[in-house]
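A.B. asks: Questions regarding the structure given below will be posed in turn.
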Amino acid sequence: MKGGFLISFEGSEGSGKTTQIALLEDRLSATGRKCLLTREPGGTPIGEKIRHLLKFDEDATAMCPETELLLFAASRAQLVRELIDPAISEGKIVLCDRYLDSTTVYQGVARQISADPVQMINHFAVGNRVPDLTVIIDVPANIGLTRARQRSNGGDADRMEQESIDFYERVREGYLLLARSLPERFFVVDGAQEPDVISELIWAEIKRRFGV
Ligand SMILES: Nc1ncnc2c1ncn2[C@@H]1O[C@H](COP(=O)(O)OP(=O)(O)OP(=O)(O)O)[C@@H](O)[C@H]1O
Ligand SMILES: [Mg+2]
């Protein structure tokens, strides 16, 4: 049995992460590989409660950036130990919809918490479980936000979706900066293309890296 590994998907709201994870799971399953799909914040019963608090709780508008950072990290710490590590030990390929780079970018770059505590808390939360590959789906902020808003049908946008366009431009730049600083872990794909085209590019990269 080939060993398990972790692929995380990053990119701003509406960039197409969830869409691409579903397409990748189909391709991997067709080869006979077992996958585990999960998401952040959330993925475990404890994590899903934290997710709700972060995204939808009416009191969350009063949340300070430090609290937000720690809650994301808490959800992730649980996810790694309860789901990701055991799945990888069983030889599964874990596809994670957001992971530690979301914290680096959203709480670090976009909310401007300094890099040192963000890195320290990230490392404390995940232990040694760094992704084997991180796919960044890169779209201009206006495209991602338009897609996310269309999906929400103008209804209940979550707290993150209500941020300004400037915030999402900083998020985008933060991801690209991260990818440039660690090119061996990241694969950046242009998310303004058709979903099938993006899926094909991601698949080619995964075959190249892991020989699946
Ligand atoms: N390449 C694409 N071109 C056009 N529309 C797309 C593309 N990929 C996804 N979409 C559509 O855009 C919307 C957002 O896609 P998706 O939910 O996959 O993004 P996401 O990155 O998971 O967003 P979020 O961070 O908010 O969960 C969906 O309605 C989806 O069908
Ligand atoms: Mg999604």
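The way I read the labels, and the way they are meant: chains A, B, ... in the order of the structure tokens, residue 1 as the first residue of every chain, and ligand 1 as the first ligand shown, with later ones counted on from there.
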Check which residues fall inside 12 Å of ligand 2 when counting only C-alpha atoms and all ligand atoms, and print them as a VMD selection string.
C.D. replies: chain A and resid 9 to 22 37 to 41 96 to 98 137 144 147 to 148 151 to 152 161
A.B. asks: Taking into account only C-alpha atoms, which residue in the set A:Arg33, A:Val130, A:Val139, A:Val188 is nearest to Asp85 (chain A)?
C.D. replies: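 The answer is A:Val130, which sits nearest to Asp85 (chain A).
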A.B. asks: So, with only C-alpha atoms and all ligand atoms as the atoms that count, which of A:Thr67, A:Asn142, A:Gln193, A:Gln112 lies closest to ligand 1?
C.D. replies: A:Gln193
A.B. asks: Would you please give, as a PyMOL selection string, all residues of region 71-171 of chain A that DSSP assigns to helix (DSSP H, G or I) based on the backbone?
C.D. replies: chain A and resi 71-89+100-110+115-126+141-152+160-162+165-171
A.B. asks: Which of these, A:Ala110, A:Glu82, A:Lys55, A:Gly3, has the shortest distance to ligand 1 once you count only C-alpha atoms and all ligand atoms?
C.D. replies: A:Lys55
A.B. asks: List the neighbours of Ala115 (chain A) out to 8 Å using only C-alpha atoms; skip same-chain residues closer than 4 positions along the sequence, and give me the result as a VMD selection string.
C.D. replies: chain A and resid 104 108 119
A.B. asks: Write a file of the just-selected residues containing C-alpha atoms, as a CSV table (one decimal), in the first residue's frame.
C.D. replies:
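Once written, again_0.csv looks like this:
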chain,number,residue,atom,x,y,z
A,104,THR,CA,-0.8,32.8,8.4
A,108,GLY,CA,-1.2,37.3,10.1
A,119,GLN,CA,4.0,30.8,13.4
A.B. asks: Among region 45-159 of chain A, which residues carry a DSSP assignment of strand (DSSP E), reported as a PDB file with N, CA and C atoms, in the first residue's frame?
C.D. replies:
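Result saved to states.pdb:
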ATOM      1  N   ILE A  93      -5.238   9.441   1.598  1.00  0.00           N
ATOM      2  CA  ILE A  93      -4.836  10.775   1.145  1.00  0.00           C
ATOM      3  C   ILE A  93      -5.848  11.749   1.744  1.00  0.00           C
ATOM      4  N   VAL A  94      -5.357  12.663   2.566  1.00  0.00           N
ATOM      5  CA  VAL A  94      -6.251  13.619   3.229  1.00  0.00           C
ATOM      6  C   VAL A  94      -6.290  14.895   2.408  1.00  0.00           C
ATOM      7  N   LEU A  95      -7.518  15.322   2.061  1.00  0.00           N
ATOM      8  CA  LEU A  95      -7.710  16.580   1.326  1.00  0.00           C
ATOM      9  C   LEU A  95      -8.363  17.561   2.285  1.00  0.00           C
ATOM     10  N   CYS A  96      -7.631  18.597   2.643  1.00  0.00           N
ATOM     11  CA  CYS A  96      -8.121  19.511   3.673  1.00  0.00           C
ATOM     12  C   CYS A  96      -8.456  20.871   3.059  1.00  0.00           C
ATOM     13  N   ASP A  97      -9.711  21.275   3.255  1.00  0.00           N
ATOM     14  CA  ASP A  97     -10.222  22.547   2.741  1.00  0.00           C
ATOM     15  C   ASP A  97      -9.807  23.636   3.739  1.00  0.00           C
ATOM     16  N   LEU A 133       1.626  18.846   0.188  1.00  0.00           N
ATOM     17  CA  LEU A 133       1.406  19.761  -0.937  1.00  0.00           C
ATOM     18  C   LEU A 133       0.285  20.723  -0.552  1.00  0.00           C
ATOM     19  N   THR A 134       0.458  21.986  -0.904  1.00  0.00           N
ATOM     20  CA  THR A 134      -0.620  22.963  -0.708  1.00  0.00           C
ATOM     21  C   THR A 134      -0.956  23.588  -2.060  1.00  0.00           C
ATOM     22  N   VAL A 135      -2.219  23.434  -2.445  1.00  0.00           N
ATOM     23  CA  VAL A 135      -2.688  24.006  -3.708  1.00  0.00           C
ATOM     24  C   VAL A 135      -3.323  25.358  -3.385  1.00  0.00           C
ATOM     25  N   ILE A 136      -2.804  26.407  -4.000  1.00  0.00           N
ATOM     26  CA  ILE A 136      -3.419  27.727  -3.845  1.00  0.00           C
ATOM     27  C   ILE A 136      -4.205  28.033  -5.109  1.00  0.00           C
ATOM     28  N   ILE A 137      -5.494  28.267  -4.940  1.00  0.00           N
ATOM     29  CA  ILE A 137      -6.314  28.655  -6.084  1.00  0.00           C
ATOM     30  C   ILE A 137      -6.390  30.173  -6.069  1.00  0.00           C
ATOM     31  N   ASP A 138      -5.745  30.754  -7.064  1.00  0.00           N
ATOM     32  CA  ASP A 138      -5.551  32.207  -7.068  1.00  0.00           C
ATOM     33  C   ASP A 138      -6.581  32.889  -7.973  1.00  0.00           C
TER      34      ASP A 138
END
A.B. asks: Compare A:Leu79, A:Lys34, A:Asp26, A:Phe210 by their minimum atom-to-atom distance to Gly47 (chain A), counting only C-alpha atoms, and give me the closest one.
C.D. replies: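 Among the listed residues, the smallest separation from Gly47 (chain A) belongs to A:Leu79.
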A.B. asks: Would you please work out which residue, of A:Arg149, A:Arg209, A:Arg76, A:Arg81, is nearest to ligand 1 when using only C-alpha atoms and all ligand atoms?
C.D. replies: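 That would be A:Arg149, the residue with the smallest distance to ligand 1.
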A.B. asks: Set the distance at 12 Å and use only C-alpha atoms: which residues neighbour Arg27 (chain A) once local chain neighbours fewer than 3 positions away are removed? I'd like the list as a PDB file with C-alpha atoms, in the first residue's frame.
C.D. replies:
ATOM      1  CA  GLN A  20     -11.711  21.376  -6.789  1.00  0.00           C
ATOM      2  CA  ILE A  21     -11.492  19.069  -3.787  1.00  0.00           C
ATOM      3  CA  ALA A  22     -14.607  17.230  -4.975  1.00  0.00           C
ATOM      4  CA  LEU A  23     -13.167  16.876  -8.490  1.00  0.00           C
ATOM      5  CA  LEU A  24      -9.849  15.636  -7.110  1.00  0.00           C
ATOM      6  CA  ALA A  30     -10.985   6.195  -9.609  1.00  0.00           C
ATOM      7  CA  THR A  31      -7.383   5.062  -9.061  1.00  0.00           C
ATOM      8  CA  GLY A  32      -8.477   3.064  -6.007  1.00  0.00           C
ATOM      9  CA  ARG A  33      -6.863   5.387  -3.445  1.00  0.00           C
ATOM     10  CA  LYS A  34      -8.822   6.040  -0.271  1.00  0.00           C
ATOM     11  CA  CYS A  35      -9.381   9.704   0.604  1.00  0.00           C
ATOM     12  CA  ASP A 196     -12.290  21.234 -15.498  1.00  0.00           C
ATOM     13  CA  SER A 199      -8.781  20.220 -12.065  1.00  0.00           C
ATOM     14  CA  GLU A 200      -6.593  18.882 -14.882  1.00  0.00           C
ATOM     15  CA  ILE A 202      -3.947  20.081 -10.223  1.00  0.00           C
ATOM     16  CA  TRP A 203      -4.124  16.423 -11.218  1.00  0.00           C
ATOM     17  CA  ALA A 204      -1.003  16.712 -13.385  1.00  0.00           C
ATOM     18  CA  ILE A 206      -0.233  15.526  -8.058  1.00  0.00           C
ATOM     19  CA  LYS A 207       0.788  12.782 -10.461  1.00  0.00           C
ATOM     20  CA  VAL A 212      -0.501   8.326  -7.839  1.00  0.00           C
TER      21      VAL A 212
END
A.B. asks: Which of these residues is nearest to Glu25 (chain A), using only C-alpha atoms: A:His123, A:Arg129, A:Lys92, A:Arg185?
C.D. replies: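 Result for the nearest residue to Glu25 (chain A): A:Lys92.
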A.B. asks: Which value, in Å to one decimal, gives the distance between atom 26 (O, counted along the ligand's line) of ligand 1 and CA of Ser114 (chain A)?
C.D. replies: 25.2 Å
A.B. asks: If we count only C-alpha atoms and set the cut-off at 9 Å, which residues sit around Asp101 (chain A), ignoring sequence neighbours fewer than 4 positions away in its own chain? Please answer as a list in words.
C.D. replies: Ser8, Glu10, Val105, Tyr106, Asn122, Thr134, Tyr175 and Leu178 of chain A
A.B. asks: For the residues selected in the previous step, produce a file with C-alpha atoms as an mmCIF file, in the first residue's frame.
C.D. replies:
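Contents of result14.cif, freshly written:
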data_model
loop_
_atom_site.group_PDB
_atom_site.id
_atom_site.type_symbol
_atom_site.label_atom_id
_atom_site.label_comp_id
_atom_site.auth_asym_id
_atom_site.auth_seq_id
_atom_site.Cartn_x
_atom_site.Cartn_y
_atom_site.Cartn_z
ATOM 1 C CA SER A 8 -4.336 21.295 1.703
ATOM 2 C CA GLU A 10 -6.026 27.437 0.073
ATOM 3 C CA VAL A 105 -2.572 34.759 5.767
ATOM 4 C CA TYR A 106 -5.884 35.782 7.353
ATOM 5 C CA ASN A 122 0.539 27.311 14.137
ATOM 6 C CA THR A 134 -0.620 22.963 -0.708
ATOM 7 C CA TYR A 175 -0.904 33.620 -0.270
ATOM 8 C CA LEU A 178 3.890 32.472 1.059
#
